[in-house]
>>> print(open('my_file.csv').read())   # CSV, C-alpha atoms
chain,number,residue,atom,x,y,z
Z,900,MET,CA,0.0,0.0,0.0
Z,901,HIS,CA,1.3,3.4,-0.9
Z,902,PHE,CA,0.3,6.8,0.6
Z,903,PHE,CA,-0.1,10.2,-1.0
Z,904,TYR,CA,0.3,13.3,1.0
Z,905,PRO,CA,-2.2,16.0,-0.2
Z,906,GLY,CA,-0.7,19.4,-0.5
Z,907,ILE,CA,2.8,18.0,-0.3
Z,908,CYS,CA,2.7,15.3,-3.0
Z,909,ASP,CA,0.6,15.3,-6.2
Z,910,VAL,CA,1.0,19.0,-6.8
Z,911,THR,CA,1.1,21.0,-10.1
Z,912,PHE,CA,3.1,24.2,-10.0
Z,913,SER,CA,2.7,27.0,-12.6
Z,914,THR,CA,5.1,29.5,-10.9
Z,915,VAL,CA,8.4,30.7,-12.3
Z,916,SER,CA,10.3,29.4,-9.3
Z,917,GLY,CA,9.7,27.3,-6.2
Z,918,THR,CA,10.8,24.6,-3.7
Z,919,ILE,CA,10.0,20.9,-3.4
Z,920,LYS,CA,10.8,18.9,-0.3
Z,921,SER,CA,10.2,15.3,0.5
Z,922,PRO,CA,7.3,14.6,3.0
Z,923,ASN,CA,8.4,15.5,6.6
Z,924,TYR,CA,11.7,17.1,5.4
Z,925,PRO,CA,14.1,17.7,7.2
Z,926,ASP,CA,12.9,14.8,9.3
Z,927,LYS,CA,12.8,11.3,7.7
Z,928,TYR,CA,10.3,10.7,5.0
Z,929,PRO,CA,7.8,7.9,5.6
Z,930,ASN,CA,7.6,4.4,4.1
Z,931,SER,CA,5.4,3.5,1.1
Z,932,VAL,CA,5.1,7.0,-0.4
Z,933,LYS,CA,4.4,8.0,-4.0
Z,934,CYS,CA,4.7,11.6,-4.9
Z,935,VAL,CA,4.3,13.5,-8.2
Z,936,TRP,CA,5.2,17.1,-8.7
Z,937,ILE,CA,4.6,18.8,-12.1
Z,938,ILE,CA,6.1,22.1,-13.1
Z,939,ASP,CA,4.2,23.4,-16.1
Z,940,LEU,CA,4.2,27.0,-17.2
Z,941,GLY,CA,3.0,26.2,-20.7
Z,942,PRO,CA,5.1,25.7,-23.8
Z,943,GLY,CA,8.4,27.4,-24.4
Z,944,TYR,CA,10.0,27.4,-21.0
Z,945,ASN,CA,13.2,25.6,-19.8
Z,946,ILE,CA,13.3,24.5,-16.2
Z,947,THR,CA,16.5,24.3,-14.1
Z,948,LEU,CA,16.3,22.0,-11.1
Z,949,THR,CA,18.9,22.4,-8.3
Z,950,PHE,CA,19.4,19.9,-5.5
Z,951,HIS,CA,20.3,21.4,-2.2
Z,952,LYS,CA,20.0,18.3,0.0
Z,953,PHE,CA,19.6,14.7,-1.1
Z,954,ASN,CA,19.6,11.5,1.0
Z,955,LEU,CA,17.6,8.5,0.0
Z,956,GLU,CA,18.0,4.8,0.6
Z,957,LYS,CA,20.8,3.5,-1.7
Z,958,LYS,CA,20.7,0.6,-4.1
Z,959,ASP,CA,22.7,0.3,-7.3
Z,960,ASP,CA,19.6,0.2,-9.5
Z,961,CYS,CA,17.7,2.7,-7.3
Z,962,SER,CA,14.8,0.2,-6.9
Z,963,TRP,CA,14.2,0.8,-3.1
Z,964,ASP,CA,13.7,4.6,-2.8
Z,965,TRP,CA,14.2,6.9,-5.8
Z,966,LEU,CA,13.4,10.1,-7.5
Z,967,THR,CA,13.0,10.5,-11.2
Z,968,VAL,CA,12.9,13.7,-13.3
Z,969,GLN,CA,11.0,13.5,-16.6
Z,970,GLU,CA,10.8,15.9,-19.5
Z,971,GLY,CA,7.0,16.2,-19.9
Z,972,ASN,CA,4.0,15.9,-17.6
Z,973,THR,CA,2.8,12.3,-18.0
Z,974,PRO,CA,4.0,9.0,-16.5
Z,975,ASP,CA,5.4,7.9,-19.9
Z,976,SER,CA,7.4,11.1,-20.5
Z,977,PRO,CA,11.1,10.6,-21.3
Z,978,GLU,CA,13.2,10.1,-18.2
Z,979,VAL,CA,16.0,12.6,-17.7
Z,980,THR,CA,17.4,11.0,-14.6
Z,981,LYS,CA,16.7,8.5,-11.8
Z,982,VAL,CA,18.6,9.1,-8.5
Z,983,CYS,CA,18.9,7.6,-5.1
Z,984,GLY,CA,21.6,7.4,-2.3
Z,985,ASP,CA,23.3,10.3,-0.7
Z,986,GLU,CA,25.3,11.9,-3.5
Z,987,LEU,CA,24.0,15.3,-4.4
Z,988,PRO,CA,22.7,15.1,-8.0
Z,989,PRO,CA,24.0,17.8,-10.4
Z,990,THR,CA,21.9,20.8,-11.4
Z,991,LEU,CA,19.9,19.9,-14.5
Z,992,THR,CA,17.9,21.8,-17.1
Z,993,THR,CA,15.1,20.4,-19.3
Z,994,ARG,CA,12.5,21.8,-21.6
Z,995,GLY,CA,9.3,22.2,-19.7
Z,996,PRO,CA,7.0,20.9,-18.5
Z,997,MET,CA,8.8,18.8,-15.9
Z,998,ARG,CA,7.5,15.8,-13.9
Z,999,ILE,CA,9.3,14.8,-10.7
Z,1000,TYR,CA,8.3,11.4,-9.2
Z,1001,PHE,CA,9.4,10.1,-5.8
Z,1002,GLU,CA,8.7,6.6,-4.5
Z,1003,THR,CA,9.7,4.8,-1.3
Z,1004,ASN,CA,9.5,1.1,-0.3
Z,1005,ASN,CA,8.2,-0.1,3.0
Z,1006,ASP,CA,11.6,-0.3,4.7
Z,1007,LYS,CA,14.1,2.3,6.1
Z,1008,GLU,CA,13.5,6.1,6.1
Z,1009,PHE,CA,16.1,8.8,5.3
Z,1010,GLU,CA,16.2,12.6,5.4
Z,1011,GLY,CA,15.0,13.0,1.8
Z,1012,PHE,CA,15.6,16.0,-0.3
Z,1013,HIS,CA,15.2,19.8,-0.8
Z,1014,ILE,CA,15.0,21.0,-4.4
Z,1015,THR,CA,14.4,24.3,-6.0
Z,1016,TRP,CA,13.5,25.2,-9.6
Z,1017,VAL,CA,13.6,28.2,-11.8
Z,1018,ALA,CA,11.8,28.5,-15.2
Z,1019,HIS,CA,13.4,30.7,-17.8
Z,1020,GLY,CA,13.9,31.4,-21.5
Z,1021,LYS,CA,10.4,31.5,-22.8
Z,1022,ASP,CA,10.9,31.3,-26.6
>>> encode(input="my_file.csv", output="C-alpha cells")
Amino acid sequence: MHFFYPGICDVTFSTVSGTIKSPNYPDKYPNSVKCVWIIDLGPGYNITLTFHKFNLEKKDDCSWDWLTVQEGNTPDSPEVTKVCGDELPPTLTTRGPMRIYFETNNDKEFEGFHITWVAHGKD
C-alpha cells in the first residue's frame, strides 16, 4: 500500500520558481510514499532544477527509494534522470513541462531532499 500526502505530494506548479521537499523534510520521509510534482508554465520554458540536500536509501539500480525527473508531464514522458543514495545530483535543465516522481518502499527512512527550480527562456 502506498500513501499520497495531499498538498505535499501530487502538486502541479505554474510559478516561475519554487521549492519541493520530500514529505516530513528535514525529518525522515515515511515508508510507502508515491509523490508527483509537475512544473508546467505552458510551452516554451526551460526549467532548471537544483538539488540542495539529497539523502535516499541507496541501491545500485535505485529500486528501493528513488526520485525520477522527466521531460514532460505524464508518467510515460522521457526520463531525464533517476537518482537515489546520498550523493547530491547535479543541477539539470530540461525543456518544460517537468515531472518529478518520488517513491519509497516499506523499509528504512532517510532525510529525503530539498530541491528548487527556476523556469526561464520562454521562446
>>> closest_residue(input="my_file.csv", among="Z:Ser913, Z:Thr992, Z:Thr918, Z:Asn972", to="His951 in chain Z", atoms="only C-alpha atoms")
Z:Thr918
>>> closest_residue(input="my_file.csv", among="Z:Thr1003, Z:Thr993, Z:Thr980, Z:Gln969", to="Ala1018 in chain Z", atoms="only C-alpha atoms")
Z:Thr993
>>> closest_residue(input="my_file.csv", among="Z:Val982, Z:Pro988, Z:Phe1012, Z:Lys1007", to="Asp960 in chain Z", atoms="all atoms listed in the file")
Z:Val982
>>> closest_residue(input="my_file.csv", among="Z:Leu987, Z:Ile938, Z:Leu948, Z:Ile999", to="Phe912 in chain Z", atoms="all atoms listed in the file")
Z:Ile938
>>> residues_around(input="my_file.csv", residues="Thr973 in chain Z", least_positions_apart="2", cutoff="12 Å", atoms="all atoms listed in the file", output="number ranges by chain")
Z: 911, 935-939, 968-971, 975-978, 995-1000
>>> write_last_selection(input="my_file.csv", atoms="C-alpha atoms", output="mmCIF file, in the coordinates of the input")
data_model
loop_
_atom_site.group_PDB
_atom_site.id
_atom_site.type_symbol
_atom_site.label_atom_id
_atom_site.label_comp_id
_atom_site.auth_asym_id
_atom_site.auth_seq_id
_atom_site.Cartn_x
_atom_site.Cartn_y
_atom_site.Cartn_z
ATOM 1 C CA THR Z 911 1.100 21.000 -10.100
ATOM 2 C CA VAL Z 935 4.300 13.500 -8.200
ATOM 3 C CA TRP Z 936 5.200 17.100 -8.700
ATOM 4 C CA ILE Z 937 4.600 18.800 -12.100
ATOM 5 C CA ILE Z 938 6.100 22.100 -13.100
ATOM 6 C CA ASP Z 939 4.200 23.400 -16.100
ATOM 7 C CA VAL Z 968 12.900 13.700 -13.300
ATOM 8 C CA GLN Z 969 11.000 13.500 -16.600
ATOM 9 C CA GLU Z 970 10.800 15.900 -19.500
ATOM 10 C CA GLY Z 971 7.000 16.200 -19.900
ATOM 11 C CA ASP Z 975 5.400 7.900 -19.900
ATOM 12 C CA SER Z 976 7.400 11.100 -20.500
ATOM 13 C CA PRO Z 977 11.100 10.600 -21.300
ATOM 14 C CA GLU Z 978 13.200 10.100 -18.200
ATOM 15 C CA GLY Z 995 9.300 22.200 -19.700
ATOM 16 C CA PRO Z 996 7.000 20.900 -18.500
ATOM 17 C CA MET Z 997 8.800 18.800 -15.900
ATOM 18 C CA ARG Z 998 7.500 15.800 -13.900
ATOM 19 C CA ILE Z 999 9.300 14.800 -10.700
ATOM 20 C CA TYR Z 1000 8.300 11.400 -9.200
#
>>> closest_residue(input="my_file.csv", among="Z:Asn945, Z:Ser916, Z:Asn923, Z:Ser931", to="Asn1004 in chain Z", atoms="all atoms listed in the file")
Z:Ser931
>>> closest_residue(input="my_file.csv", among="Z:Pro929, Z:Gly917, Z:Pro974, Z:Gly941", to="Asp1006 in chain Z", atoms="all atoms listed in the file")
Z:Pro929
>>> residues_around(input="my_file.csv", residues="Phe1001 in chain Z", least_positions_apart="3", cutoff="7 Å", atoms="all atoms listed in the file", output="list of chain:residue names")
Z:Lys933, Z:Cys934, Z:Val935, Z:Trp965, Z:Leu966, Z:Thr967
>>> atom_distance(input="my_file.csv", atom1="CA of Val915 in chain Z", atom2="CA of Thr990 in chain Z")
16.8 Å
>>> atom_distance(input="my_file.csv", atom1="CA of Ser962 in chain Z", atom2="CA of Ser921 in chain Z")
17.4 Å
>>> atom_distance(input="my_file.csv", atom1="CA of Asn930 in chain Z", atom2="CA of Val1017 in chain Z")
29.2 Å
>>> residues_near_point(input="my_file.csv", point="(11.0, 29.1, -18.4)", cutoff="6 Å", atoms="all atoms listed in the file", output="list of chain:residue names")
Z:Tyr944, Z:Asn945, Z:Ile946, Z:Ala1018, Z:His1019, Z:Gly1020, Z:Lys1021
>>> build_atoms(input="my_file.csv", residues="range 937-961 of chain Z", atoms="N, CA and C atoms", output="mmCIF file, in the coordinates of the input")
data_model
loop_
_atom_site.group_PDB
_atom_site.id
_atom_site.type_symbol
_atom_site.label_atom_id
_atom_site.label_comp_id
_atom_site.auth_asym_id
_atom_site.auth_seq_id
_atom_site.Cartn_x
_atom_site.Cartn_y
_atom_site.Cartn_z
ATOM 1 N N ILE Z 937 4.519 18.336 -10.712
ATOM 2 C CA ILE Z 937 4.600 18.800 -12.100
ATOM 3 C C ILE Z 937 4.838 20.264 -12.130
ATOM 4 N N ILE Z 938 5.837 20.672 -12.894
ATOM 5 C CA ILE Z 938 6.100 22.100 -13.100
ATOM 6 C C ILE Z 938 5.739 22.398 -14.541
ATOM 7 N N ASP Z 939 4.687 23.192 -14.712
ATOM 8 C CA ASP Z 939 4.200 23.400 -16.100
ATOM 9 C C ASP Z 939 3.717 24.869 -16.196
ATOM 10 N N LEU Z 940 4.498 25.642 -16.919
ATOM 11 C CA LEU Z 940 4.200 27.000 -17.200
ATOM 12 C C LEU Z 940 3.667 27.228 -18.605
ATOM 13 N N GLY Z 941 3.349 26.140 -19.273
ATOM 14 C CA GLY Z 941 3.000 26.200 -20.700
ATOM 15 C C GLY Z 941 4.170 25.990 -21.555
ATOM 16 N N PRO Z 942 3.968 25.980 -22.862
ATOM 17 C CA PRO Z 942 5.100 25.700 -23.800
ATOM 18 C C PRO Z 942 6.113 26.817 -23.816
ATOM 19 N N GLY Z 943 7.346 26.422 -24.135
ATOM 20 C CA GLY Z 943 8.400 27.400 -24.400
ATOM 21 C C GLY Z 943 9.324 27.717 -23.253
ATOM 22 N N TYR Z 944 9.149 27.101 -22.096
ATOM 23 C CA TYR Z 944 10.000 27.400 -21.000
ATOM 24 C C TYR Z 944 11.015 26.230 -20.741
ATOM 25 N N ASN Z 945 12.208 26.598 -20.313
ATOM 26 C CA ASN Z 945 13.200 25.600 -19.800
ATOM 27 C C ASN Z 945 13.105 25.702 -18.277
ATOM 28 N N ILE Z 946 13.344 24.584 -17.622
ATOM 29 C CA ILE Z 946 13.300 24.500 -16.200
ATOM 30 C C ILE Z 946 14.604 23.997 -15.642
ATOM 31 N N THR Z 947 15.205 24.751 -14.736
ATOM 32 C CA THR Z 947 16.500 24.300 -14.100
ATOM 33 C C THR Z 947 16.137 23.866 -12.686
ATOM 34 N N LEU Z 948 16.590 22.660 -12.386
ATOM 35 C CA LEU Z 948 16.300 22.000 -11.100
ATOM 36 C C LEU Z 948 17.671 21.956 -10.339
ATOM 37 N N THR Z 949 17.682 22.448 -9.096
ATOM 38 C CA THR Z 949 18.900 22.400 -8.300
ATOM 39 C C THR Z 949 18.613 21.648 -6.999
ATOM 40 N N PHE Z 950 19.480 20.690 -6.714
ATOM 41 C CA PHE Z 950 19.400 19.900 -5.500
ATOM 42 C C PHE Z 950 20.226 20.500 -4.411
ATOM 43 N N HIS Z 951 19.606 20.822 -3.281
ATOM 44 C CA HIS Z 951 20.300 21.400 -2.200
ATOM 45 C C HIS Z 951 20.680 20.399 -1.095
ATOM 46 N N LYS Z 952 19.806 19.436 -0.868
ATOM 47 C CA LYS Z 952 20.000 18.300 0.000
ATOM 48 C C LYS Z 952 19.467 17.074 -0.630
ATOM 49 N N PHE Z 953 20.146 15.936 -0.443
ATOM 50 C CA PHE Z 953 19.600 14.700 -1.100
ATOM 51 C C PHE Z 953 20.164 13.518 -0.279
ATOM 52 N N ASN Z 954 19.246 12.728 0.298
ATOM 53 C CA ASN Z 954 19.600 11.500 1.000
ATOM 54 C C ASN Z 954 18.483 10.541 1.024
ATOM 55 N N LEU Z 955 18.588 9.565 0.096
ATOM 56 C CA LEU Z 955 17.600 8.500 0.000
ATOM 57 C C LEU Z 955 18.288 7.155 0.195
ATOM 58 N N GLU Z 956 17.484 6.137 0.443
ATOM 59 C CA GLU Z 956 18.000 4.800 0.600
ATOM 60 C C GLU Z 956 18.757 4.423 -0.714
ATOM 61 N N LYS Z 957 19.933 3.812 -0.575
ATOM 62 C CA LYS Z 957 20.800 3.500 -1.700
ATOM 63 C C LYS Z 957 20.704 2.087 -2.166
ATOM 64 N N LYS Z 958 20.563 1.874 -3.445
ATOM 65 C CA LYS Z 958 20.700 0.600 -4.100
ATOM 66 C C LYS Z 958 21.203 0.868 -5.503
ATOM 67 N N ASP Z 959 22.082 0.014 -6.029
ATOM 68 C CA ASP Z 959 22.700 0.300 -7.300
ATOM 69 C C ASP Z 959 21.710 0.643 -8.419
ATOM 70 N N ASP Z 960 20.579 -0.063 -8.479
ATOM 71 C CA ASP Z 960 19.600 0.200 -9.500
ATOM 72 C C ASP Z 960 18.487 1.155 -9.079
ATOM 73 N N CYS Z 961 18.660 1.743 -7.881
ATOM 74 C CA CYS Z 961 17.700 2.700 -7.300
ATOM 75 C C CYS Z 961 16.259 2.096 -7.302
#
